[in-house]
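Asker: For reference, the file final.txt (compact mmCIF, C-alpha atoms) is included below:
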```txt
# COMPACT_ATOMS: atom_id res chain seq x y z
CA MET A 28 130.29 111.05 126.74
CA ASN A 29 128.08 108.17 127.73
CA PHE A 30 126.01 106.43 125.05
CA SER A 31 125.07 103.36 127.08
CA ASP A 32 121.36 103.73 126.32
CA LYS A 33 121.76 104.68 122.65
CA VAL A 34 121.42 102.78 119.37
CA VAL A 35 123.62 104.15 116.59
CA VAL A 36 123.51 103.51 112.84
CA VAL A 37 126.82 104.14 111.06
CA THR A 38 126.76 103.79 107.29
CA GLY A 39 129.93 102.75 105.50
CA ALA A 40 131.25 101.26 108.75
CA SER A 41 133.20 98.37 107.25
CA ARG A 42 136.44 100.38 107.21
CA GLY A 43 138.00 103.84 107.32
CA ILE A 44 136.29 106.65 109.22
CA GLY A 45 133.09 104.64 109.65
CA ARG A 46 134.86 101.78 111.42
CA VAL A 47 136.58 104.14 113.86
CA VAL A 48 133.31 105.99 114.52
CA ALA A 49 131.59 102.68 115.31
CA GLN A 50 134.45 101.65 117.60
CA GLN A 51 134.40 104.91 119.53
CA PHE A 52 130.64 104.77 120.03
CA ALA A 53 130.91 101.15 121.23
CA GLU A 54 133.63 102.13 123.69
CA GLN A 55 131.15 104.58 125.20
CA GLY A 56 128.45 101.94 125.59
CA ALA A 57 126.37 102.36 122.43
CA ARG A 58 124.85 99.50 120.47
CA LEU A 59 125.78 99.65 116.79
CA ILE A 60 124.20 98.91 113.45
CA VAL A 61 127.24 98.44 111.21
CA HIS A 62 126.20 99.16 107.64
CA TYR A 63 128.14 97.99 104.59
CA ARG A 64 127.50 97.80 100.86
CA SER A 65 129.86 95.15 99.49
CA HIS A 66 132.72 94.50 101.92
CA LYS A 67 131.05 91.87 104.12
CA LYS A 68 134.33 90.47 105.43
CA ALA A 69 135.51 93.92 106.50
CA ALA A 70 132.12 94.63 108.11
CA LYS A 71 132.43 91.44 110.14
CA GLU A 72 135.90 92.56 111.22
CA THR A 73 134.43 95.86 112.37
CA LEU A 74 131.70 94.00 114.24
CA ALA A 75 134.26 91.74 115.95
CA SER A 76 136.29 94.77 117.06
CA LEU A 77 133.40 96.45 118.89
CA LYS A 78 133.16 96.41 122.66
CA GLY A 79 129.91 95.67 124.46
CA GLY A 80 126.82 95.00 122.43
CA PRO A 81 124.81 93.44 121.11
CA HIS A 82 125.73 94.90 117.71
CA ILE A 83 124.58 93.87 114.23
CA ILE A 84 125.68 94.31 110.62
CA VAL A 85 123.27 95.15 107.80
CA GLN A 86 123.96 95.18 104.06
CA ALA A 87 122.41 97.88 101.88
CA ASP A 88 123.26 99.82 98.75
CA MET A 89 122.62 103.45 99.63
CA ALA A 90 121.84 104.19 95.97
CA HIS A 91 118.79 101.90 96.09
CA PRO A 92 115.74 103.25 97.98
CA LYS A 93 114.45 99.75 98.79
CA ASP A 94 117.78 98.85 100.40
CA VAL A 95 117.62 102.01 102.51
CA ARG A 96 114.14 101.09 103.72
CA HIS A 97 115.41 97.57 104.54
CA LEU A 98 118.26 99.04 106.58
CA VAL A 99 115.91 101.12 108.72
CA HIS A 100 113.37 98.31 109.11
CA THR A 101 116.06 95.85 110.19
CA ALA A 102 117.65 98.30 112.61
CA VAL A 103 114.36 99.10 114.37
CA GLN A 104 113.17 95.50 114.35
CA LYS A 105 116.37 94.06 115.84
CA MET A 106 117.54 96.93 118.05
CA GLY A 107 114.24 98.53 119.05
CA SER A 108 115.13 102.12 118.18
CA ILE A 109 117.52 104.44 116.36
CA ASP A 110 118.85 107.26 118.50
CA ILE A 111 121.77 108.46 116.39
CA LEU A 112 122.41 108.26 112.64
CA VAL A 113 125.83 108.85 111.11
CA ASN A 114 125.64 109.15 107.31
CA ASN A 115 129.22 108.29 106.41
CA ALA A 116 128.98 106.07 103.30
CA GLY A 117 130.04 107.68 100.04
CA ILE A 118 131.92 107.20 96.79
CA TYR A 119 134.55 109.27 95.00
CA GLU A 120 135.48 108.89 91.33
CA THR A 121 138.02 110.99 89.42
CA TYR A 122 137.92 111.97 85.75
CA SER A 123 138.92 114.76 83.39
CA ILE A 124 136.18 117.16 82.35
CA ALA A 125 138.13 117.86 79.15
CA GLU A 126 138.37 114.19 78.17
CA ILE A 127 135.44 112.23 79.64
CA ASP A 128 132.81 111.00 77.21
CA TYR A 129 129.18 111.98 77.75
CA GLU A 130 127.93 108.46 78.54
CA LYS A 131 130.54 107.91 81.26
CA TRP A 132 129.78 111.38 82.64
CA GLN A 133 126.11 110.40 82.97
CA ARG A 134 126.95 107.14 84.75
CA ILE A 135 129.30 108.76 87.27
CA TRP A 136 126.96 111.64 88.09
CA HIS A 137 123.94 109.39 88.56
CA ARG A 138 125.91 106.90 90.68
CA THR A 139 127.55 109.61 92.81
CA LEU A 140 124.41 111.62 93.49
CA ALA A 141 122.40 108.47 94.19
CA THR A 142 124.95 107.26 96.74
CA ASN A 143 126.22 110.48 98.32
CA LEU A 144 123.09 112.64 98.33
CA LEU A 145 119.88 110.75 97.62
CA GLY A 146 120.92 107.82 99.82
CA PRO A 147 121.56 109.96 102.91
CA ALA A 148 118.43 111.99 102.14
CA ASN A 149 116.28 108.85 101.99
CA LEU A 150 117.86 107.39 105.10
CA SER A 151 117.57 110.65 107.02
CA LEU A 152 113.88 110.92 106.13
CA LEU A 153 113.03 107.40 107.31
CA VAL A 154 115.13 107.68 110.46
CA ALA A 155 113.76 111.15 111.25
CA GLN A 156 110.18 109.89 110.98
CA HIS A 157 111.07 107.11 113.41
CA MET A 158 112.79 109.60 115.74
CA ILE A 159 109.70 111.85 115.73
CA LYS A 160 107.66 108.95 117.10
CA GLN A 161 110.23 108.13 119.78
CA GLY A 162 110.68 111.74 120.87
CA GLY A 163 113.99 112.87 119.37
CA GLY A 164 117.44 111.94 118.12
CA LYS A 165 120.53 113.14 116.31
CA ILE A 166 121.67 112.95 112.68
CA ILE A 167 125.28 113.62 111.70
CA ASN A 168 126.21 113.80 108.03
CA ILE A 169 129.76 113.45 106.74
CA SER A 170 130.47 116.03 104.06
CA SER A 171 133.83 117.25 102.72
CA ARG A 172 135.90 120.40 102.28
CA GLY A 173 135.38 119.64 98.58
CA ALA A 174 131.88 121.07 98.94
CA PHE A 175 133.48 124.49 99.41
CA ARG A 176 136.80 124.53 97.57
CA GLY A 177 135.66 122.66 94.44
CA GLU A 178 136.67 119.26 93.08
CA PRO A 179 138.06 119.79 89.56
CA GLU A 180 138.73 116.05 89.06
CA SER A 181 135.48 114.96 90.70
CA PRO A 182 132.80 117.64 90.27
CA ALA A 183 130.02 115.15 90.95
CA TYR A 184 131.53 114.44 94.37
CA GLY A 185 131.84 118.13 95.21
CA ALA A 186 128.29 118.78 94.10
CA SER A 187 126.94 115.83 96.09
CA LYS A 188 128.61 117.08 99.28
CA ALA A 189 127.42 120.65 98.75
CA GLY A 190 123.91 119.26 98.33
CA LEU A 191 124.34 117.21 101.50
CA ASN A 192 125.24 120.39 103.39
CA ALA A 193 122.12 122.19 102.16
CA MET A 194 119.92 119.18 102.85
CA SER A 195 121.30 118.87 106.38
CA GLN A 196 120.54 122.49 107.19
CA SER A 197 117.02 122.15 105.81
CA PHE A 198 116.50 119.09 108.00
CA ALA A 199 117.93 120.95 111.00
CA LYS A 200 115.28 123.68 110.65
CA ALA A 201 112.43 121.27 109.99
CA LEU A 202 113.25 118.80 112.76
CA ALA A 203 114.30 121.01 115.67
CA PRO A 204 110.70 121.30 116.95
CA HIS A 205 110.71 117.49 117.19
CA LYS A 206 113.92 117.47 119.28
CA ILE A 207 115.90 116.05 116.38
CA PHE A 208 119.20 117.79 115.81
CA VAL A 209 121.22 117.65 112.61
CA TYR A 210 124.91 118.37 112.13
CA VAL A 211 127.54 118.18 109.39
CA VAL A 212 131.21 117.26 109.69
CA ALA A 213 133.36 118.30 106.71
CA PRO A 214 136.80 116.62 106.75
CA GLY A 215 139.74 117.35 104.52
CA PHE A 216 142.20 114.58 103.65
CA VAL A 217 142.08 111.73 106.20
CA GLU A 218 144.55 108.89 106.79
CA THR A 219 142.69 105.64 106.14
CA ASP A 220 143.44 102.27 104.58
CA MET A 221 142.04 103.67 101.32
CA THR A 222 144.44 106.65 101.26
CA VAL A 223 147.60 105.13 102.71
CA SER A 224 149.11 104.33 99.30
CA MET A 225 148.46 107.87 98.06
CA LEU A 226 150.03 109.38 101.16
CA ALA A 227 153.04 107.10 100.77
CA GLY A 228 153.42 107.95 97.06
CA PRO A 229 154.71 110.98 95.17
CA GLU A 230 151.58 113.01 96.03
CA GLY A 231 151.99 112.46 99.77
CA ASP A 232 154.14 115.50 100.57
CA ALA A 233 151.90 117.83 98.57
CA ILE A 234 148.80 116.53 100.37
CA ARG A 235 150.37 116.91 103.81
CA SER A 236 151.64 120.41 102.99
CA GLN A 237 148.08 121.60 102.37
CA SER A 238 147.74 121.92 106.15
CA PRO A 239 150.06 124.03 108.34
CA LEU A 240 150.09 120.99 110.63
CA GLY A 241 152.00 119.17 107.93
CA ARG A 242 149.84 116.06 107.99
CA ALA A 243 146.45 114.64 107.10
CA ALA A 244 143.72 114.12 109.68
CA ARG A 245 143.54 110.93 111.68
CA PRO A 246 140.20 109.09 111.54
CA GLU A 247 140.09 109.23 115.34
CA GLU A 248 139.97 113.04 115.14
CA VAL A 249 136.96 112.95 112.85
CA ALA A 250 135.27 110.32 115.01
CA SER A 251 135.82 112.30 118.20
CA THR A 252 134.11 115.32 116.66
CA ILE A 253 131.16 113.17 115.61
CA LEU A 254 130.81 111.76 119.12
CA PHE A 255 130.95 115.25 120.58
CA LEU A 256 128.09 116.40 118.35
CA ALA A 257 126.11 113.27 119.26
CA SER A 258 126.56 113.91 122.98
CA GLU A 259 124.33 115.91 125.31
CA ASN A 260 124.17 119.71 125.44
CA THR A 261 125.01 120.28 121.76
CA GLU A 262 121.45 121.00 120.66
CA TYR A 263 122.13 124.65 119.90
CA LEU A 264 124.77 123.59 117.36
CA THR A 265 122.07 122.10 115.15
CA GLY A 266 122.55 123.10 111.51
CA CYS A 267 126.29 123.63 111.95
CA ILE A 268 128.99 122.50 109.52
CA VAL A 269 132.19 121.65 111.38
CA ASP A 270 135.39 121.80 109.31
CA ILE A 271 138.06 119.22 110.15
CA ASN A 272 140.75 120.05 107.63
CA GLY A 273 143.72 121.29 109.65
CA ALA A 274 143.35 124.82 108.22
CA SER A 275 144.00 123.45 104.73
CA TYR A 276 140.89 125.30 103.56
CA LEU A 277 139.48 128.26 105.49
CA ARG A 278 136.12 129.94 105.00
CA SER A 279 134.35 132.75 106.82
```
Can you turn what I pasted into structure tokens?
Answerer:
Amino acid sequence: MNFSDKVVVVTGASRGIGRVVAQQFAEQGARLIVHYRSHKKAAKETLASLKGGPHIIVQADMAHPKDVRHLVHTAVQKMGSIDILVNNAGIYETYSIAEIDYEKWQRIWHRTLATNLLGPANLSLLVAQHMIKQGGGKIINISSRGAFRGEPESPAYGASKAGLNAMSQSFAKALAPHKIFVYVVAPGFVETDMTVSMLAGPEGDAIRSQSPLGRAARPEEVASTILFLASENTEYLTGCIVDINGASYLRS
């Protein structure tokens, strides 16, 4: 996989899966736009870890349409093009349906859908319109097994990821004639700095036992799948949803 002539936007790249995705693309010669919302220090650490370049960081709140427009404008202005978009940024909040009050329910649902669904939709639209002008590109959206199995403690998250799946497949059909190909990656539980304490705690064994592999996914495994989809000769996979959950949740 050689991305030496490609410019890649990775949202939520300050840490976790997004950081590893950015690092793997940079190792293969790509130039990166490292997006972050609030963790500027972590985003700078990601930037410093990238090989090659030049790379840039851009701040934007995915829940705000004006910020999304700023992200695309800055990326094109400073890097000249956008060849690959990885919609990775997202939020996850837990709560009890039986106990949550209506006002908090409203806040969480609006915030989650704005960040996890409307943000990627807005960004995909603007990037796709740019890609149409330049003659093609690839969009890879990061979903979740929660879109299929249900999220009883975070129904807004599950709904946002199910919506992202449907949106991605609609985009795949609409954009294929323009040589723009759209894919979805749906991970299960992944070992990141944000989940390390949970995996080390009393829930850790139960989480690992969900997979017959007896472990959670490594971020490198998710990133490698994303790079594969972004590489050449994967056009006929457009519209696909690739499960990366270690057989912890199977669908047919």
Asker: What's around Met158 (chain A) at 9 Å? Count all atoms listed in the file, leave out sequence neighbours fewer than 2 positions away in its own chain, and write the answer as an MDAnalysis selection string.
Answerer: chainID A and resid 108:110 153:156 160:165 205:207
Asker: Nearest residue to Gln237 (chain A) out of A:Leu74, A:Ile44, A:Ala213, A:Ala274, using all atoms listed in the file?
Answerer: A:Ala274
Asker: If we count all atoms listed in the file and set the cut-off at 7 Å, which residues sit around region 193-200 of chain A, ignoring sequence neighbours fewer than 5 positions away in its own chain? Please answer as an MDAnalysis selection string.
Answerer: chainID A and resid 208:211 265:266
Asker: How many Å separate CA of Leu202 (chain A) from CA of Leu98 (chain A)?
Answerer: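 Separation between CA of Leu202 (chain A) and CA of Leu98 (chain A): 21.3 Å.
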Asker: Using Å and a single decimal, report how far CA of His137 (chain A) sits from CA of Ile166 (chain A).
Answerer: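 Straight-line distance from CA of Ile166 (chain A) to CA of His137 (chain A) works out to 24.5 Å.
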Asker: Just give me the gap between CA of Val48 (chain A) and CA of Val269 (chain A) in Å, one decimal is fine.
Answerer: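 It comes out at 16.0 Å.
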Asker: Ranking A:Gly107, A:Lys78, A:Gly43, A:Val99 by minimum distance to Val223 (chain A) and counting all atoms listed in the file, which one comes first?
Answerer: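 Checking each of A:Gly107, A:Lys78, A:Gly43, A:Val99 against Val223 (chain A), counting all atoms listed in the file, the winner is A:Gly43.
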Asker: Write out as a PyMOL selection string the residues lying within 8 Å of Gly39 (chain A), counting all atoms listed in the file and excluding same-chain residues fewer than 6 positions away.
Answerer: chain A and resi 45-46+61-64+114-117
Asker: Filtering to C-alpha atoms, could you give me those residues as a CSV table (one decimal), in the frame of the given file?
Answerer:
```csv
chain,number,residue,atom,x,y,z
A,45,GLY,CA,133.1,104.6,109.6
A,46,ARG,CA,134.9,101.8,111.4
A,61,VAL,CA,127.2,98.4,111.2
A,62,HIS,CA,126.2,99.2,107.6
A,63,TYR,CA,128.1,98.0,104.6
A,64,ARG,CA,127.5,97.8,100.9
A,114,ASN,CA,125.6,109.2,107.3
A,115,ASN,CA,129.2,108.3,106.4
A,116,ALA,CA,129.0,106.1,103.3
A,117,GLY,CA,130.0,107.7,100.0
```
Asker: Using all atoms listed in the file, pick whichever of A:Thr142, A:Ser238, A:Thr252, A:Ser279 has the shortest atom-to-atom distance to Gln51 (chain A).
Answerer: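 Among the listed residues, the smallest separation from Gln51 (chain A) belongs to A:Thr252.
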Asker: Calculated over all atoms listed in the file, which of the candidates A:Ser151, A:Thr219, A:Ser170, A:Ser181 has the smallest distance to Tyr122 (chain A)?
Answerer: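 With all atoms listed in the file as the atom set, the closest residue is A:Ser181.
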Asker: Using only C-alpha atoms, tabulate the residues of region 141-221 of chain A lying at most 12 Å from any atom of region 123-128 of chain A, each with its closest atom pair and that distance in Å to one decimal, by chain and increasing residue number, as a Markdown table.
Answerer:
```
| residue | atom | partner | partner_atom | distance |
| --- | --- | --- | --- | --- |
| A:Glu178 | CA | A:Ser123 | CA | 10.9 |
| A:Pro179 | CA | A:Ile124 | CA | 7.9 |
| A:Glu180 | CA | A:Ser123 | CA | 5.8 |
| A:Ser181 | CA | A:Ser123 | CA | 8.1 |
| A:Pro182 | CA | A:Ile124 | CA | 8.6 |
| A:Ala183 | CA | A:Ile124 | CA | 10.8 |
```
Asker: Considering all atoms listed in the file, can you say which of A:Arg278, A:Arg176, A:Arg242, A:Arg138 comes closest to Met89 (chain A)?
Answerer: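 Among the listed residues, A:Arg138 lies closest to Met89 (chain A).
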Asker: Find the residues around Thr139 (chain A) up to 10 Å (all atoms listed in the file counted), leave out those fewer than 6 positions away in its own chain, and share them as a PDB file with C-alpha atoms, in the frame of the given file.
Answerer:
```pdb
ATOM      1  CA  ALA A  90     121.840 104.190  95.970  1.00  0.00           C
ATOM      2  CA  GLY A 117     130.040 107.680 100.040  1.00  0.00           C
ATOM      3  CA  ILE A 118     131.920 107.200  96.790  1.00  0.00           C
ATOM      4  CA  TYR A 119     134.550 109.270  95.000  1.00  0.00           C
ATOM      5  CA  GLU A 120     135.480 108.890  91.330  1.00  0.00           C
ATOM      6  CA  GLN A 133     126.110 110.400  82.970  1.00  0.00           C
ATOM      7  CA  LEU A 145     119.880 110.750  97.620  1.00  0.00           C
ATOM      8  CA  GLY A 146     120.920 107.820  99.820  1.00  0.00           C
ATOM      9  CA  SER A 181     135.480 114.960  90.700  1.00  0.00           C
ATOM     10  CA  PRO A 182     132.800 117.640  90.270  1.00  0.00           C
ATOM     11  CA  ALA A 183     130.020 115.150  90.950  1.00  0.00           C
ATOM     12  CA  TYR A 184     131.530 114.440  94.370  1.00  0.00           C
ATOM     13  CA  GLY A 185     131.840 118.130  95.210  1.00  0.00           C
ATOM     14  CA  ALA A 186     128.290 118.780  94.100  1.00  0.00           C
ATOM     15  CA  SER A 187     126.940 115.830  96.090  1.00  0.00           C
ATOM     16  CA  LYS A 188     128.610 117.080  99.280  1.00  0.00           C
TER      17      LYS A 188
END
```
Asker: Write out as a list in words which residues come within 12 Å of Ser31 (chain A) when counting only C-alpha atoms, dropping same-chain ones fewer than 2 positions away.
Answerer: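 Returned residues: Met28, Asn29, Lys33, Val34, Val35, Phe52, Ala53, Glu54, Gln55, Gly56, Ala57, Arg58, Leu59, Lys78, Gly79, Gly80, Pro81, Asp110 and Ser258 of chain A.
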Asker: From the set A:Gly241, A:Gly215, A:Pro204, A:Pro147, which residue has the shortest atom-to-atom contact distance to Ile271 (chain A), counting only C-alpha atoms?
Answerer: A:Gly215
